[in-house]
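In what follows, a single structure is set out as structure tokens and then discussed.
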Amino acid sequence: MFRDNRKSPYNAIAVMTTTLTSAVKPRAEDSFAISFAPLSLEEIYALSNDPANGAVVMMSGVVRNQTDGKPVVALEYQAYEPMALRIFYQIAADIRLSTPDVNRVVIHHRTGRLQVGEISVLVAVGCPHRSEAFEACQYAIDTLKHNAPIWKKEHWEDGSSRWVSIAACETSGENW
């Protein structure tokens with residue numbers, strides 16, 4: 001079921017949600033991964049580039065050194081990989097429903113313990129026009145953060161830690 005949210009900041013992309021009753025197959029030109037290994041900006045850019053692109057927009061999520069003023073020393077990510085990849089495939093399919101001329105969609109996310117400054121997620125969209133590439137990239141990261149079964153644990157300077165992001169989806173009524 002698709003839901004068109006016309007109040008969305010994504011003017012060209014209708015915010016859509018889909019029940020995952022049927023498997024969406026990834027396109028050969030796209031790339032999706034959950035990885036324990038560090039992510040490479042150069043690799044993701046190369047995967048998203050295409051001769052028909054007029055723009056490649058890439059978003060890099062990085063481990064920052066604080067949350068709400070509390071010093072962070074590391075983040076730990078865990079994912080339910082099969083479902084996360086299905087969500088990534090669906091994000092790309094949804095983008096193409098609204099913007100069929102998107103050439104490439106790349107979504108790679110890290111798992112494991114990451115230090116401050118390390119890249120946790122890279123999302124890139126290649127498209128003939130920059131405005132559609134920006135909108136599609138923002139849609140992809142926002143939808144991933146809300147729908148993908150990827151959790152993070154913040155490790156603070158004082159030695160304490162806490163899992164975050166799980167309750168947000170539980171209280172919003174979203175189910176995986």
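Scheme for the structure tokens: letters A, B, ... for chains in order shown; per-chain residue numbers from 1; ligand numbers from 1 in order shown.
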
Selection near range 25-33 of chain A, 12 Å with only C-alpha atoms, sequence-local residues under 3 positions removed, as an mmCIF file with N, CA, C and O atoms, in the first residue's frame:
data_model
loop_
_atom_site.group_PDB
_atom_site.id
_atom_site.type_symbol
_atom_site.label_atom_id
_atom_site.label_comp_id
_atom_site.auth_asym_id
_atom_site.auth_seq_id
_atom_site.Cartn_x
_atom_site.Cartn_y
_atom_site.Cartn_z
ATOM 1 N N LEU A 20 5.731 -5.304 3.018
ATOM 2 C CA LEU A 20 6.751 -6.138 2.389
ATOM 3 C C LEU A 20 6.256 -7.561 2.194
ATOM 4 O O LEU A 20 6.884 -8.522 2.588
ATOM 5 N N SER A 22 5.632 -8.843 -0.874
ATOM 6 C CA SER A 22 6.273 -9.403 -2.051
ATOM 7 C C SER A 22 7.700 -8.888 -2.116
ATOM 8 O O SER A 22 7.974 -7.754 -1.757
ATOM 9 N N PHE A 36 30.502 -4.903 7.843
ATOM 10 C CA PHE A 36 31.307 -4.703 9.041
ATOM 11 C C PHE A 36 32.546 -3.872 8.690
ATOM 12 O O PHE A 36 33.090 -3.176 9.520
ATOM 13 N N ALA A 37 32.960 -3.921 7.428
ATOM 14 C CA ALA A 37 34.160 -3.216 6.962
ATOM 15 C C ALA A 37 33.881 -1.721 6.800
ATOM 16 O O ALA A 37 32.743 -1.322 6.532
ATOM 17 N N PRO A 38 34.912 -0.903 6.928
ATOM 18 C CA PRO A 38 34.744 0.541 6.713
ATOM 19 C C PRO A 38 34.196 0.837 5.314
ATOM 20 O O PRO A 38 34.462 0.101 4.359
ATOM 21 N N LEU A 39 33.439 1.921 5.213
ATOM 22 C CA LEU A 39 32.840 2.341 3.947
ATOM 23 C C LEU A 39 33.765 3.332 3.248
ATOM 24 O O LEU A 39 34.431 4.135 3.893
ATOM 25 N N GLU A 43 34.433 4.517 -3.426
ATOM 26 C CA GLU A 43 33.723 3.352 -3.955
ATOM 27 C C GLU A 43 32.244 3.662 -4.169
ATOM 28 O O GLU A 43 31.672 3.330 -5.213
ATOM 29 N N ILE A 44 31.624 4.304 -3.199
ATOM 30 C CA ILE A 44 30.195 4.601 -3.304
ATOM 31 C C ILE A 44 29.945 5.594 -4.439
ATOM 32 O O ILE A 44 28.991 5.454 -5.205
ATOM 33 N N TYR A 45 30.828 6.584 -4.579
ATOM 34 C CA TYR A 45 30.678 7.531 -5.678
ATOM 35 C C TYR A 45 30.789 6.803 -7.022
ATOM 36 O O TYR A 45 29.967 7.014 -7.922
ATOM 37 N N ALA A 46 31.781 5.945 -7.149
ATOM 38 C CA ALA A 46 31.969 5.199 -8.402
ATOM 39 C C ALA A 46 30.757 4.326 -8.707
ATOM 40 O O ALA A 46 30.326 4.230 -9.867
ATOM 41 N N LEU A 47 30.172 3.704 -7.686
ATOM 42 C CA LEU A 47 28.997 2.863 -7.889
ATOM 43 C C LEU A 47 27.765 3.669 -8.307
ATOM 44 O O LEU A 47 26.886 3.152 -8.987
ATOM 45 N N SER A 48 27.714 4.932 -7.900
ATOM 46 C CA SER A 48 26.535 5.752 -8.200
ATOM 47 C C SER A 48 26.694 6.573 -9.479
ATOM 48 O O SER A 48 25.723 7.134 -9.970
ATOM 49 N N ASN A 49 27.888 6.618 -10.014
ATOM 50 C CA ASN A 49 28.121 7.423 -11.208
ATOM 51 C C ASN A 49 27.682 6.674 -12.466
ATOM 52 O O ASN A 49 27.718 5.452 -12.521
ATOM 53 N N ASP A 50 27.274 7.438 -13.458
ATOM 54 C CA ASP A 50 26.787 6.904 -14.729
ATOM 55 C C ASP A 50 26.951 8.011 -15.768
ATOM 56 O O ASP A 50 26.777 9.187 -15.427
ATOM 57 N N ALA A 79 22.191 -4.921 12.886
ATOM 58 C CA ALA A 79 21.144 -4.907 11.863
ATOM 59 C C ALA A 79 20.599 -6.304 11.659
ATOM 60 O O ALA A 79 21.310 -7.291 11.818
ATOM 61 N N TYR A 80 19.346 -6.373 11.307
ATOM 62 C CA TYR A 80 18.760 -7.610 10.813
ATOM 63 C C TYR A 80 18.923 -7.520 9.304
ATOM 64 O O TYR A 80 18.106 -6.917 8.594
ATOM 65 N N GLU A 81 20.037 -8.054 8.795
ATOM 66 C CA GLU A 81 20.480 -7.817 7.429
ATOM 67 C C GLU A 81 19.468 -8.185 6.343
ATOM 68 O O GLU A 81 19.223 -7.379 5.442
ATOM 69 N N PRO A 82 18.842 -9.364 6.371
ATOM 70 C CA PRO A 82 17.910 -9.687 5.273
ATOM 71 C C PRO A 82 16.770 -8.667 5.146
ATOM 72 O O PRO A 82 16.432 -8.242 4.040
ATOM 73 N N MET A 83 16.215 -8.254 6.258
ATOM 74 C CA MET A 83 15.118 -7.289 6.219
ATOM 75 C C MET A 83 15.630 -5.896 5.865
ATOM 76 O O MET A 83 14.990 -5.173 5.095
ATOM 77 N N ALA A 84 16.794 -5.517 6.387
ATOM 78 C CA ALA A 84 17.356 -4.201 6.069
ATOM 79 C C ALA A 84 17.587 -4.076 4.561
ATOM 80 O O ALA A 84 17.254 -3.053 3.951
ATOM 81 N N LEU A 85 18.135 -5.113 3.951
ATOM 82 C CA LEU A 85 18.364 -5.073 2.508
ATOM 83 C C LEU A 85 17.050 -4.982 1.738
ATOM 84 O O LEU A 85 16.955 -4.243 0.752
ATOM 85 N N ARG A 86 16.023 -5.678 2.199
ATOM 86 C CA ARG A 86 14.704 -5.572 1.548
ATOM 87 C C ARG A 86 14.178 -4.138 1.634
ATOM 88 O O ARG A 86 13.582 -3.631 0.684
ATOM 89 N N ILE A 87 14.410 -3.489 2.764
ATOM 90 C CA ILE A 87 13.997 -2.087 2.918
ATOM 91 C C ILE A 87 14.785 -1.207 1.938
ATOM 92 O O ILE A 87 14.225 -0.331 1.286
ATOM 93 N N PHE A 88 16.092 -1.453 1.807
ATOM 94 C CA PHE A 88 16.912 -0.687 0.866
ATOM 95 C C PHE A 88 16.377 -0.848 -0.557
ATOM 96 O O PHE A 88 16.257 0.125 -1.298
ATOM 97 N N TYR A 89 16.064 -2.101 -0.949
ATOM 98 C CA TYR A 89 15.529 -2.355 -2.293
ATOM 99 C C TYR A 89 14.221 -1.594 -2.496
ATOM 100 O O TYR A 89 13.968 -1.028 -3.563
ATOM 101 N N GLN A 90 13.379 -1.604 -1.464
ATOM 102 C CA GLN A 90 12.083 -0.933 -1.566
ATOM 103 C C GLN A 90 12.253 0.568 -1.674
ATOM 104 O O GLN A 90 11.525 1.228 -2.421
ATOM 105 N N ILE A 91 13.211 1.123 -0.949
ATOM 106 C CA ILE A 91 13.480 2.562 -1.046
ATOM 107 C C ILE A 91 13.817 2.922 -2.487
ATOM 108 O O ILE A 91 13.281 3.891 -3.037
ATOM 109 N N ALA A 92 14.703 2.156 -3.110
ATOM 110 C CA ALA A 92 15.080 2.418 -4.503
ATOM 111 C C ALA A 92 13.871 2.285 -5.431
ATOM 112 O O ALA A 92 13.677 3.113 -6.336
ATOM 113 N N ALA A 93 13.051 1.271 -5.217
ATOM 114 C CA ALA A 93 11.851 1.087 -6.049
ATOM 115 C C ALA A 93 10.893 2.263 -5.882
ATOM 116 O O ALA A 93 10.336 2.762 -6.865
ATOM 117 N N ASP A 94 10.713 2.724 -4.648
ATOM 118 C CA ASP A 94 9.833 3.865 -4.394
ATOM 119 C C ASP A 94 10.362 5.131 -5.061
ATOM 120 O O ASP A 94 9.589 5.907 -5.639
ATOM 121 N N ARG A 96 12.138 5.319 -7.735
ATOM 122 C CA ARG A 96 11.942 5.219 -9.186
ATOM 123 C C ARG A 96 10.476 5.361 -9.598
ATOM 124 O O ARG A 96 10.194 5.739 -10.730
ATOM 125 N N VAL A 102 16.042 8.339 -12.432
ATOM 126 C CA VAL A 102 17.158 8.061 -11.531
ATOM 127 C C VAL A 102 17.954 6.901 -12.125
ATOM 128 O O VAL A 102 17.389 5.867 -12.496
ATOM 129 N N ASN A 103 19.253 7.081 -12.255
ATOM 130 C CA ASN A 103 20.110 6.064 -12.859
ATOM 131 C C ASN A 103 20.682 5.070 -11.861
ATOM 132 O O ASN A 103 20.821 3.895 -12.165
ATOM 133 N N ARG A 104 21.041 5.551 -10.686
ATOM 134 C CA ARG A 104 21.677 4.681 -9.690
ATOM 135 C C ARG A 104 21.219 5.062 -8.295
ATOM 136 O O ARG A 104 21.072 6.245 -7.978
ATOM 137 N N VAL A 105 21.047 4.030 -7.447
ATOM 138 C CA VAL A 105 20.785 4.219 -6.030
ATOM 139 C C VAL A 105 21.760 3.305 -5.294
ATOM 140 O O VAL A 105 21.843 2.105 -5.590
ATOM 141 N N VAL A 106 22.495 3.882 -4.365
ATOM 142 C CA VAL A 106 23.475 3.129 -3.589
ATOM 143 C C VAL A 106 23.217 3.395 -2.107
ATOM 144 O O VAL A 106 23.147 4.554 -1.692
ATOM 145 N N ILE A 107 23.056 2.321 -1.330
ATOM 146 C CA ILE A 107 22.862 2.439 0.115
ATOM 147 C C ILE A 107 23.746 1.391 0.777
ATOM 148 O O ILE A 107 23.544 0.188 0.570
ATOM 149 N N HIS A 108 24.723 1.841 1.551
ATOM 150 C CA HIS A 108 25.596 0.949 2.317
ATOM 151 C C HIS A 108 25.599 1.414 3.767
ATOM 152 O O HIS A 108 25.717 2.616 4.037
ATOM 153 N N HIS A 109 25.482 0.466 4.700
ATOM 154 C CA HIS A 109 25.450 0.790 6.132
ATOM 155 C C HIS A 109 26.422 -0.108 6.875
ATOM 156 O O HIS A 109 26.545 -1.290 6.569
ATOM 157 N N ARG A 110 27.100 0.451 7.852
ATOM 158 C CA ARG A 110 28.048 -0.294 8.684
ATOM 159 C C ARG A 110 27.339 -0.971 9.847
ATOM 160 O O ARG A 110 26.288 -0.534 10.306
ATOM 161 N N THR A 111 27.973 -2.010 10.347
ATOM 162 C CA THR A 111 27.606 -2.622 11.623
ATOM 163 C C THR A 111 28.882 -2.734 12.444
ATOM 164 O O THR A 111 29.985 -2.549 11.937
ATOM 165 N N SER A 120 29.186 5.801 9.176
ATOM 166 C CA SER A 120 28.250 4.729 9.523
ATOM 167 C C SER A 120 27.335 4.362 8.357
ATOM 168 O O SER A 120 26.903 3.216 8.255
ATOM 169 N N VAL A 121 27.023 5.326 7.496
ATOM 170 C CA VAL A 121 26.118 5.074 6.379
ATOM 171 C C VAL A 121 26.476 5.983 5.213
ATOM 172 O O VAL A 121 26.865 7.138 5.418
ATOM 173 N N LEU A 122 26.381 5.426 4.009
ATOM 174 C CA LEU A 122 26.544 6.209 2.788
ATOM 175 C C LEU A 122 25.358 5.938 1.881
ATOM 176 O O LEU A 122 25.013 4.783 1.628
ATOM 177 N N VAL A 123 24.732 7.009 1.429
ATOM 178 C CA VAL A 123 23.620 6.925 0.488
ATOM 179 C C VAL A 123 23.989 7.828 -0.689
ATOM 180 O O VAL A 123 24.398 8.974 -0.485
ATOM 181 N N ALA A 124 23.864 7.307 -1.891
ATOM 182 C CA ALA A 124 24.166 8.108 -3.078
ATOM 183 C C ALA A 124 23.110 7.851 -4.146
ATOM 184 O O ALA A 124 22.638 6.725 -4.307
ATOM 185 N N VAL A 125 22.762 8.914 -4.858
ATOM 186 C CA VAL A 125 21.792 8.827 -5.948
ATOM 187 C C VAL A 125 22.374 9.550 -7.157
ATOM 188 O O VAL A 125 22.792 10.707 -7.046
ATOM 189 N N GLY A 126 22.394 8.854 -8.290
ATOM 190 C CA GLY A 126 22.821 9.445 -9.551
ATOM 191 C C GLY A 126 21.617 9.679 -10.433
ATOM 192 O O GLY A 126 20.755 8.801 -10.571
ATOM 193 N N ALA A 140 15.797 8.732 0.666
ATOM 194 C CA ALA A 140 16.433 7.451 0.972
ATOM 195 C C ALA A 140 16.952 7.407 2.401
ATOM 196 O O ALA A 140 16.679 6.452 3.131
ATOM 197 N N LEU A 144 15.267 5.142 5.322
ATOM 198 C CA LEU A 144 16.138 4.126 5.915
ATOM 199 C C LEU A 144 16.134 4.267 7.433
ATOM 200 O O LEU A 144 15.952 3.280 8.159
#

Exercise. Could you pull out the residues in chain A that DSSP calls strand (DSSP E or B) from the backbone, as a ChimeraX atom specification?
Key: /A:31-35,55-62,66-67,70-79,104-110,112-115,119-127,150-156,161-164

Quiz item: Could you pull the residues within 7 Å of Val62 in chain A, counting only C-alpha atoms, minus those fewer than 5 positions along the same chain, as an MDAnalysis selection string?
Solution: chainID A and resid 117:120

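Proximity to Gln78 in chain A was assessed for A:Leu114, A:Val164, A:Ile150, A:Met59 counting only C-alpha atoms; the smallest distance is recorded for A:Ile150.
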
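With only C-alpha atoms as the basis for measurement, A:Val116 is the residue among A:Val116, A:Cys127, A:Ala52, A:Ala23 that approaches Arg64 in chain A most closely.
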
Exercise. As a PyMOL selection string, list the residues of range 60-168 of chain A assigned to alpha helix (DSSP H) by DSSP on the backbone atoms of this structure.
Key: chain A and resi 81-98+130-147+166-168

Considering only C-alpha atoms, return as a PDB file with N, CA, C and O atoms, in the first residue's frame whatever protein or nucleic-acid residues lie within 12 Å of Ser160 in chain A, sequence-local ones (same chain, fewer than 4 positions apart) excluded.
ATOM      1  N   LYS A  70      26.166  15.267  25.686  1.00  0.00           N
ATOM      2  CA  LYS A  70      26.853  14.198  26.417  1.00  0.00           C
ATOM      3  C   LYS A  70      27.951  13.627  25.515  1.00  0.00           C
ATOM      4  O   LYS A  70      27.665  13.203  24.389  1.00  0.00           O
ATOM      5  N   PRO A  71      29.206  13.590  25.989  1.00  0.00           N
ATOM      6  CA  PRO A  71      30.321  13.124  25.156  1.00  0.00           C
ATOM      7  C   PRO A  71      30.186  11.651  24.748  1.00  0.00           C
ATOM      8  O   PRO A  71      30.037  10.768  25.584  1.00  0.00           O
ATOM      9  N   VAL A  72      30.241  11.406  23.439  1.00  0.00           N
ATOM     10  CA  VAL A  72      30.154  10.055  22.874  1.00  0.00           C
ATOM     11  C   VAL A  72      31.561   9.625  22.464  1.00  0.00           C
ATOM     12  O   VAL A  72      32.304  10.397  21.865  1.00  0.00           O
ATOM     13  N   VAL A  73      31.920   8.370  22.774  1.00  0.00           N
ATOM     14  CA  VAL A  73      33.228   7.844  22.359  1.00  0.00           C
ATOM     15  C   VAL A  73      33.099   6.843  21.219  1.00  0.00           C
ATOM     16  O   VAL A  73      34.053   6.617  20.478  1.00  0.00           O
ATOM     17  N   ALA A  74      31.913   6.229  21.082  1.00  0.00           N
ATOM     18  CA  ALA A  74      31.713   5.251  20.006  1.00  0.00           C
ATOM     19  C   ALA A  74      30.224   4.980  19.833  1.00  0.00           C
ATOM     20  O   ALA A  74      29.422   5.252  20.731  1.00  0.00           O
ATOM     21  N   LEU A  75      29.880   4.438  18.682  1.00  0.00           N
ATOM     22  CA  LEU A  75      28.542   3.918  18.422  1.00  0.00           C
ATOM     23  C   LEU A  75      28.694   2.464  18.010  1.00  0.00           C
ATOM     24  O   LEU A  75      29.669   2.095  17.361  1.00  0.00           O
ATOM     25  N   LYS A 153      23.821   1.693  19.457  1.00  0.00           N
ATOM     26  CA  LYS A 153      24.069   1.839  20.891  1.00  0.00           C
ATOM     27  C   LYS A 153      25.114   2.921  21.061  1.00  0.00           C
ATOM     28  O   LYS A 153      26.188   2.850  20.466  1.00  0.00           O
ATOM     29  N   GLU A 154      24.769   3.942  21.841  1.00  0.00           N
ATOM     30  CA  GLU A 154      25.724   5.008  22.108  1.00  0.00           C
ATOM     31  C   GLU A 154      26.569   4.627  23.314  1.00  0.00           C
ATOM     32  O   GLU A 154      26.044   4.193  24.340  1.00  0.00           O
ATOM     33  N   HIS A 155      27.875   4.789  23.165  1.00  0.00           N
ATOM     34  CA  HIS A 155      28.826   4.556  24.262  1.00  0.00           C
ATOM     35  C   HIS A 155      29.379   5.922  24.657  1.00  0.00           C
ATOM     36  O   HIS A 155      29.970   6.618  23.826  1.00  0.00           O
ATOM     37  N   TRP A 156      29.171   6.294  25.931  1.00  0.00           N
ATOM     38  CA  TRP A 156      29.553   7.623  26.386  1.00  0.00           C
ATOM     39  C   TRP A 156      30.882   7.604  27.125  1.00  0.00           C
ATOM     40  O   TRP A 156      31.339   6.558  27.607  1.00  0.00           O
TER      41      TRP A 156
END

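Closest approach to Tyr139 in chain A among A:Val24, A:Val63, A:Val57, A:Leu41: A:Val57, based on only C-alpha atoms.
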